[in-house]
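Chemist: Handing you this structure, nothing more for now.
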Amino acid sequence: MNKHILVVPGDGIGAEVTTVGKQVLEAIARKFNHEFTYDEALIGHVAIEATGDALPAETLEKMRTADAVLFGAVGHPKYDNDPSAKVRPEQGLLQMRKELGLYANLRPIKLFDELLSSSSIKPEILRGADILFFRELTGDVYFGEKTRSEDRSTASDLMIYHKYEVERIVRKAFEAARTRRNKLMSVDKANVLESSRLWREVVQALTPEYPDVEVEHQFIDAAAMLLIKDPKRFDVVVTGNLFGDILTDEASQIAGSMGMLASASVGDSTGVYEPIHGSAHDITGKGVANPLASVLSVALLLDISFGMKAESEAVIAAVDAVLKDGYRTRDIADADTAADKLLGTFAMGEQVLSHLA
Ligand code: NAD
Ligand code: IPM
Ligand code: MN
């Protein structure tokens with residue numbers, strides 16, 4: 001198959017991990033006789049430095065015409081510590097999601113058995129956990145109107161959802177539940193928020209259309225607690241943009257590390273595949289970032305955008321094999337990790353590639 005992939009490394013460790021992600025795509029093309037072509041584009045801090053814009057028009061155009069986008073991360077400490085900055089790297093990411101209509105963000109929480117001991121959660125609580133989050137990605141308080149009073153002493157962000165926005169993501173989650181364990185948890189704050197009451201109404205209205213799916217409603221505070229107490233009770237989770245952002249960082253600890261969690265953002269246009277982690281300033285340039293979230297994002301890209309099931313499974317099997325061989329990056333290492341098994345970003349990538357050769 002011929003496919004054109006746009007690689008958008010972005011900032012910080014985004015550049016390091018997408019280098020490995022692209023190598024994995026190249027290895028898959030060789031192994032399965034596909035013709036993949038590549039282009040690169042700027043976003044985030046590096047784009048602001050080069051063009052003044054966090055999402056240059058050229059990048060957006062390249063995204064629209066690609067068959068899929070492999071994305072790194074955006075962010076720079078300069079902006080994190082300067083709330084008054086007008087142009088920010090994160091605007092590039094949010095604008096990309098909006099412009100491409102990427103309303104559904106799939107975040108699978110896949111726990112590799114070999115990493116049971118890497119998590120801070122007890123193995124007997126964790127074993128068998130397997131969750132798929134559907135985070136709504138183009139609505140909510142992220143995109144509602146923002147205000148600041150003239151004297152700058154008062155600020156607001158509007159939390160807003162339209163029925164159609166809730167309906168389309170909830171339908172996707174119901175459909176996914178049907179291919180898994182037929183359980184759907186909807187997470188909201190309907191005891192307080194009007195937008196959450198709309199959310200819950202929509203889920204309730206759709207429920208009779210999916211009689212084979214068992215639906216559970218949880219408030220965000222309780223869901224956050226249950227995720228650690230009993231991760232196995234979760235199958236598919238559907239929630240809004242902000243709650244989904246927070247819950248999935250928490251859920252990364254079920255998989256062992258932020259460095260293990262991939263995501264797929266899909267909707268009306270080109271799919272974008274990226275780790276859930278950010279640019280990780282604290283480890284940028286040190287060569288220690290875990291590239292497996294980017295590698296697993298490639299697995300999602302192959303499956304969802306290209307329909308390449310066997311290729312996707314080959315990538316996941318390669319990650320599994322590397323972990324079985326005992327190789328670890330720093331974030332997933334434990335007391336039993338031998339010094340010669342502790343690898344940096346690119347050496348870890350090499351191990352994955354050796355299983356795809
Ligand atoms: P972060 O996800 O970058 O890092 C959180 C912690 O996890 C850090 O200690 C980091 O070292 C660790 N970590 C993350 N990815 C790792 C990996 N692959 N391997 C090993 N360790 C890893 O979140 P943060 O520190 O809150 O944010 C840093 C910057 O990234 C901010 O500017 C933020 O806005 C941005 N950000 C961007 C995205 C994105 O582009 N999708 C996501 C989250 C945060
Ligand atoms: C993510 C990030 C982004 C979000 C930020 C950087 C805007 O945390 O992709 O999870 O909140 O969506
Ligand atoms: Mn996040």
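Chain labels run A, B, ... following the order of the structure tokens; each chain numbers its residues from 1, and ligands are numbered from 1 in the order shown.
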As a quick test: using only C-alpha atoms and all ligand atoms, which residues lie no more than 9 Å away from ligand 1? Give them as a PyMOL selection string.
Modeler: chain A and resi 10-14+17+44+71-80+89-90+93+245+249+257-261+274-284+288-294+329-332+345
Chemist: Just want the 8 Å neighbourhood of Arg107 (chain A), counted on only C-alpha atoms, with same-chain residues fewer than 5 positions away dropped. Output as a PDB file with N, CA and C atoms, in the first residue's frame.
Modeler:
```pdb
ATOM      1  N   LEU A 132     -10.144   1.471  27.709  1.00  0.00           N
ATOM      2  CA  LEU A 132     -10.073   2.343  26.530  1.00  0.00           C
ATOM      3  C   LEU A 132     -10.847   3.626  26.827  1.00  0.00           C
ATOM      4  N   PHE A 133     -10.109   4.725  26.909  1.00  0.00           N
ATOM      5  CA  PHE A 133     -10.746   6.019  27.145  1.00  0.00           C
ATOM      6  C   PHE A 133     -11.138   6.672  25.829  1.00  0.00           C
ATOM      7  N   PHE A 134     -12.345   7.233  25.797  1.00  0.00           N
ATOM      8  CA  PHE A 134     -12.754   8.140  24.737  1.00  0.00           C
ATOM      9  C   PHE A 134     -12.855   9.524  25.364  1.00  0.00           C
ATOM     10  N   ARG A 135     -11.856  10.338  25.088  1.00  0.00           N
ATOM     11  CA  ARG A 135     -11.846  11.711  25.601  1.00  0.00           C
ATOM     12  C   ARG A 135     -12.351  12.626  24.489  1.00  0.00           C
ATOM     13  N   THR A 248      -6.646  10.441  32.293  1.00  0.00           N
ATOM     14  CA  THR A 248      -5.727   9.572  31.547  1.00  0.00           C
ATOM     15  C   THR A 248      -4.279   9.731  32.020  1.00  0.00           C
ATOM     16  N   LEU A 261       1.973   5.454  27.198  1.00  0.00           N
ATOM     17  CA  LEU A 261       0.599   5.682  26.720  1.00  0.00           C
ATOM     18  C   LEU A 261       0.497   6.408  25.389  1.00  0.00           C
ATOM     19  N   ALA A 262      -0.113   5.718  24.431  1.00  0.00           N
ATOM     20  CA  ALA A 262      -0.312   6.257  23.091  1.00  0.00           C
ATOM     21  C   ALA A 262      -1.718   6.816  22.960  1.00  0.00           C
ATOM     22  N   SER A 263      -1.948   7.598  21.909  1.00  0.00           N
ATOM     23  CA  SER A 263      -3.319   8.030  21.656  1.00  0.00           C
ATOM     24  C   SER A 263      -3.571   8.226  20.166  1.00  0.00           C
ATOM     25  N   ALA A 264      -4.849   8.154  19.828  1.00  0.00           N
ATOM     26  CA  ALA A 264      -5.292   8.406  18.456  1.00  0.00           C
ATOM     27  C   ALA A 264      -6.350   9.495  18.515  1.00  0.00           C
ATOM     28  N   ILE A 276       0.438  10.466  25.016  1.00  0.00           N
ATOM     29  CA  ILE A 276      -0.371  11.407  25.810  1.00  0.00           C
ATOM     30  C   ILE A 276       0.535  12.363  26.581  1.00  0.00           C
TER      31      ILE A 276
END
```
Chemist: Which residue, A:Pro9, A:Gly52, A:Pro231, A:Gly21, has the smallest gap to Glu350 (chain A) when you use only C-alpha atoms?
Modeler: A:Gly21
Chemist: Would you list, as a PyMOL selection string, the residues of region 5-251 of chain A that end up in helix (DSSP H, G or I) under DSSP run on this structure's backbone?
Modeler: chain A and resi 13-32+45-51+57-65+77-80+89-99+113-118+123-126+140-142+163-178+194-209+220-229+231-233+241-251
Chemist: If you run DSSP on this backbone, which residues of region 128-283 of chain A come out as strand (DSSP E or B), and could you give them as a compact mmCIF listing (two decimals) with N, CA and C atoms, in the first residue's frame?
Modeler:
```
# COMPACT_ATOMS: atom_id res chain seq x y z
N ASP A 130 -7.44 -3.32 31.58
CA ASP A 130 -7.41 -3.03 30.14
C ASP A 130 -8.55 -2.04 29.88
N ILE A 131 -8.18 -0.79 29.66
CA ILE A 131 -9.18 0.28 29.58
C ILE A 131 -9.02 1.05 28.27
N LEU A 132 -10.14 1.47 27.71
CA LEU A 132 -10.07 2.34 26.53
C LEU A 132 -10.85 3.63 26.83
N PHE A 133 -10.11 4.72 26.91
CA PHE A 133 -10.75 6.02 27.15
C PHE A 133 -11.14 6.67 25.83
N PHE A 134 -12.34 7.23 25.80
CA PHE A 134 -12.75 8.14 24.74
C PHE A 134 -12.86 9.52 25.36
N ARG A 135 -11.86 10.34 25.09
CA ARG A 135 -11.85 11.71 25.60
C ARG A 135 -12.35 12.63 24.49
N GLU A 136 -13.42 13.38 24.77
CA GLU A 136 -13.90 14.36 23.80
C GLU A 136 -12.78 15.40 23.65
N LYS A 146 -13.29 32.72 26.70
CA LYS A 146 -12.40 33.09 27.81
C LYS A 146 -12.52 34.59 28.05
N THR A 147 -12.59 35.00 29.30
CA THR A 147 -12.64 36.44 29.56
C THR A 147 -11.65 36.82 30.65
N ARG A 148 -11.27 38.08 30.64
CA ARG A 148 -10.43 38.64 31.70
C ARG A 148 -10.91 40.08 31.90
N ALA A 155 -11.16 36.28 35.99
CA ALA A 155 -11.01 35.52 34.73
C ALA A 155 -12.05 34.42 34.67
N SER A 156 -12.45 34.04 33.45
CA SER A 156 -13.39 32.92 33.33
C SER A 156 -13.15 32.14 32.04
N ASP A 157 -13.48 30.84 32.11
CA ASP A 157 -13.44 29.97 30.94
C ASP A 157 -14.79 29.28 30.89
N LYS A 183 -18.96 -2.95 28.26
CA LYS A 183 -19.20 -2.09 29.42
C LYS A 183 -18.79 -0.66 29.08
N LEU A 184 -19.66 0.28 29.42
CA LEU A 184 -19.33 1.68 29.17
C LEU A 184 -19.53 2.48 30.45
N MET A 185 -18.49 3.20 30.86
CA MET A 185 -18.63 4.13 31.98
C MET A 185 -18.60 5.56 31.43
N SER A 186 -19.61 6.33 31.77
CA SER A 186 -19.62 7.74 31.39
C SER A 186 -19.26 8.55 32.63
N VAL A 187 -18.30 9.45 32.47
CA VAL A 187 -17.81 10.22 33.62
C VAL A 187 -18.17 11.69 33.44
N ASP A 188 -18.79 12.27 34.46
CA ASP A 188 -19.19 13.67 34.38
C ASP A 188 -19.23 14.28 35.78
N GLU A 214 -23.63 -2.54 28.94
CA GLU A 214 -23.97 -2.18 30.32
C GLU A 214 -23.39 -0.79 30.62
N VAL A 215 -24.26 0.15 30.98
CA VAL A 215 -23.82 1.53 31.16
C VAL A 215 -23.75 1.90 32.64
N GLU A 216 -22.68 2.56 33.01
CA GLU A 216 -22.51 3.02 34.39
C GLU A 216 -22.17 4.51 34.33
N HIS A 217 -22.78 5.30 35.20
CA HIS A 217 -22.43 6.72 35.29
C HIS A 217 -21.63 6.93 36.57
N GLN A 218 -20.53 7.67 36.47
CA GLN A 218 -19.76 8.01 37.67
C GLN A 218 -19.45 9.50 37.63
N PHE A 219 -19.38 10.09 38.81
CA PHE A 219 -18.89 11.47 38.89
C PHE A 219 -17.37 11.44 38.81
N VAL A 236 -14.67 0.46 28.70
CA VAL A 236 -14.61 1.70 27.91
C VAL A 236 -15.11 2.84 28.78
N VAL A 237 -14.40 3.95 28.73
CA VAL A 237 -14.78 5.15 29.49
C VAL A 237 -14.99 6.29 28.50
N VAL A 238 -16.08 7.01 28.64
CA VAL A 238 -16.28 8.19 27.79
C VAL A 238 -16.45 9.41 28.68
N THR A 239 -15.74 10.48 28.33
CA THR A 239 -15.82 11.67 29.17
C THR A 239 -15.41 12.91 28.39
N ALA A 262 -0.11 5.72 24.43
CA ALA A 262 -0.31 6.26 23.09
C ALA A 262 -1.72 6.82 22.96
N SER A 263 -1.95 7.60 21.91
CA SER A 263 -3.32 8.03 21.66
C SER A 263 -3.57 8.23 20.17
N ALA A 264 -4.85 8.15 19.83
CA ALA A 264 -5.29 8.41 18.46
C ALA A 264 -6.35 9.50 18.51
N SER A 265 -6.18 10.54 17.72
CA SER A 265 -7.20 11.59 17.64
C SER A 265 -7.82 11.51 16.26
N VAL A 266 -9.13 11.22 16.26
CA VAL A 266 -9.80 11.02 14.98
C VAL A 266 -11.10 11.82 14.93
N VAL A 272 -4.55 11.89 13.84
CA VAL A 272 -3.27 12.31 14.44
C VAL A 272 -2.95 11.35 15.59
N TYR A 273 -1.71 10.86 15.60
CA TYR A 273 -1.30 9.84 16.57
C TYR A 273 -0.16 10.38 17.41
N GLU A 274 -0.35 10.34 18.72
CA GLU A 274 0.66 10.95 19.59
C GLU A 274 0.64 10.32 20.98
N PRO A 275 1.80 10.35 21.65
CA PRO A 275 1.82 9.96 23.06
C PRO A 275 0.92 10.90 23.85
```
Chemist: For the atom pair CA of Ser312 (chain A) and CA of Ala255 (chain A), what is the interatomic distance in Å to one decimal place?
Modeler: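 Those two atoms sit 18.9 Å apart.
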Chemist: Identify, on the basis of only C-alpha atoms, every residue whose closest approach to region 120-124 of chain A does not exceed 9 Å; exclude the query and any residue fewer than 3 positions from it along the same chain; express the result as JSON, numbers by chain.
Modeler: {"A": [116, 117, 127, 128, 228, 229, 253, 254, 256]}
Chemist: Please, could you write that set of residues out with N, CA and C atoms as a PDB file, in the first residue's frame?
Modeler:
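Writing done, so here's out_8.pdb:
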```pdb
ATOM      1  N   LEU A 116       4.109  -5.146  35.331  1.00  0.00           N
ATOM      2  CA  LEU A 116       3.272  -5.189  36.544  1.00  0.00           C
ATOM      3  C   LEU A 116       3.995  -4.570  37.739  1.00  0.00           C
ATOM      4  N   SER A 117       5.304  -4.822  37.815  1.00  0.00           N
ATOM      5  CA  SER A 117       6.039  -4.343  38.989  1.00  0.00           C
ATOM      6  C   SER A 117       6.550  -2.915  38.821  1.00  0.00           C
ATOM      7  N   ARG A 127      -3.382  -6.600  37.719  1.00  0.00           N
ATOM      8  CA  ARG A 127      -3.342  -7.683  36.725  1.00  0.00           C
ATOM      9  C   ARG A 127      -4.663  -7.778  35.963  1.00  0.00           C
ATOM     10  N   GLY A 128      -4.578  -7.735  34.633  1.00  0.00           N
ATOM     11  CA  GLY A 128      -5.782  -7.865  33.811  1.00  0.00           C
ATOM     12  C   GLY A 128      -6.454  -6.532  33.475  1.00  0.00           C
ATOM     13  N   ILE A 228      -7.857   3.869  40.669  1.00  0.00           N
ATOM     14  CA  ILE A 228      -6.719   3.333  41.424  1.00  0.00           C
ATOM     15  C   ILE A 228      -7.165   2.167  42.310  1.00  0.00           C
ATOM     16  N   LYS A 229      -8.367   2.306  42.874  1.00  0.00           N
ATOM     17  CA  LYS A 229      -8.853   1.255  43.775  1.00  0.00           C
ATOM     18  C   LYS A 229      -9.123  -0.058  43.034  1.00  0.00           C
ATOM     19  N   GLN A 253      -0.462   5.523  35.208  1.00  0.00           N
ATOM     20  CA  GLN A 253       0.218   4.779  36.272  1.00  0.00           C
ATOM     21  C   GLN A 253      -0.223   3.322  36.325  1.00  0.00           C
ATOM     22  N   ILE A 254      -1.351   3.031  35.675  1.00  0.00           N
ATOM     23  CA  ILE A 254      -1.770   1.632  35.550  1.00  0.00           C
ATOM     24  C   ILE A 254      -0.851   0.928  34.547  1.00  0.00           C
ATOM     25  N   GLY A 256       2.165   1.876  33.962  1.00  0.00           N
ATOM     26  CA  GLY A 256       3.537   1.957  34.481  1.00  0.00           C
ATOM     27  C   GLY A 256       4.174   3.310  34.329  1.00  0.00           C
TER      28      GLY A 256
END
```
Chemist: Provide the CA of Leu70 (chain A) to CA of Asp39 (chain A) distance in Å, to one decimal place.
Modeler: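 About the pair CA of Leu70 (chain A) and CA of Asp39 (chain A): they are 10.3 Å apart.
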Chemist: Could you name the residues that touch Glu175 (chain A) at 12 Å or less, counting only C-alpha atoms, but leaving out those on the same chain fewer than 3 positions away, as a CSV table (one decimal) with C-alpha atoms, in the first residue's frame?
Modeler:
```csv
chain,number,residue,atom,x,y,z
A,132,LEU,CA,-10.1,2.3,26.5
A,134,PHE,CA,-12.8,8.1,24.7
A,168,ARG,CA,-21.0,11.7,18.3
A,169,ILE,CA,-18.3,10.8,20.9
A,170,VAL,CA,-20.7,8.8,23.0
A,171,ARG,CA,-21.8,6.8,20.0
A,172,LYS,CA,-18.1,6.0,19.2
A,178,ARG,CA,-19.4,-3.7,21.7
A,179,THR,CA,-16.1,-4.9,20.4
A,180,ARG,CA,-14.7,-5.3,23.9
A,181,ARG,CA,-16.4,-6.4,27.2
A,182,ASN,CA,-19.7,-4.5,26.5
A,183,LYS,CA,-19.2,-2.1,29.4
A,184,LEU,CA,-19.3,1.7,29.2
A,206,LEU,CA,-28.6,6.7,23.6
A,207,THR,CA,-28.5,3.8,26.0
A,209,GLU,CA,-30.0,1.8,21.3
A,210,TYR,CA,-27.3,-0.3,22.7
A,211,PRO,CA,-29.1,-2.8,24.9
A,212,ASP,CA,-26.1,-5.2,24.9
A,213,VAL,CA,-23.9,-2.6,26.6
A,236,VAL,CA,-14.6,1.7,27.9
A,237,VAL,CA,-14.8,5.1,29.5
A,238,VAL,CA,-16.3,8.2,27.8
```
Chemist: Taking into account only C-alpha atoms and all ligand atoms, which residue in the set A:Asn241, A:Asn2, A:Ser195, A:Ser153 is nearest to ligand 2?
Modeler: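 Under the stated criterion, the closest residue is A:Asn241.
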Chemist: Which residue is closest to Met63 (chain A)? Choose from A:Ile28, A:Val46, A:Val322, A:Ala41 and count only C-alpha atoms.
Modeler: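 Using only C-alpha atoms, the shortest distance to Met63 (chain A) belongs to A:Ala41.
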Chemist: Pick out the closest residue to ligand 3 from this set: A:Glu250, A:Glu35, A:Asp151, A:Glu58. Count only C-alpha atoms and all ligand atoms.
Modeler: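 Nearest candidate to ligand 3 out of A:Glu250, A:Glu35, A:Asp151, A:Glu58: A:Glu250.
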Chemist: When distances are computed from only C-alpha atoms, which of A:Asn105, A:Tyr327, A:Val87, A:Lys3 shows the smallest separation from Thr51 (chain A)?
Modeler: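 Closest candidate: A:Val87.
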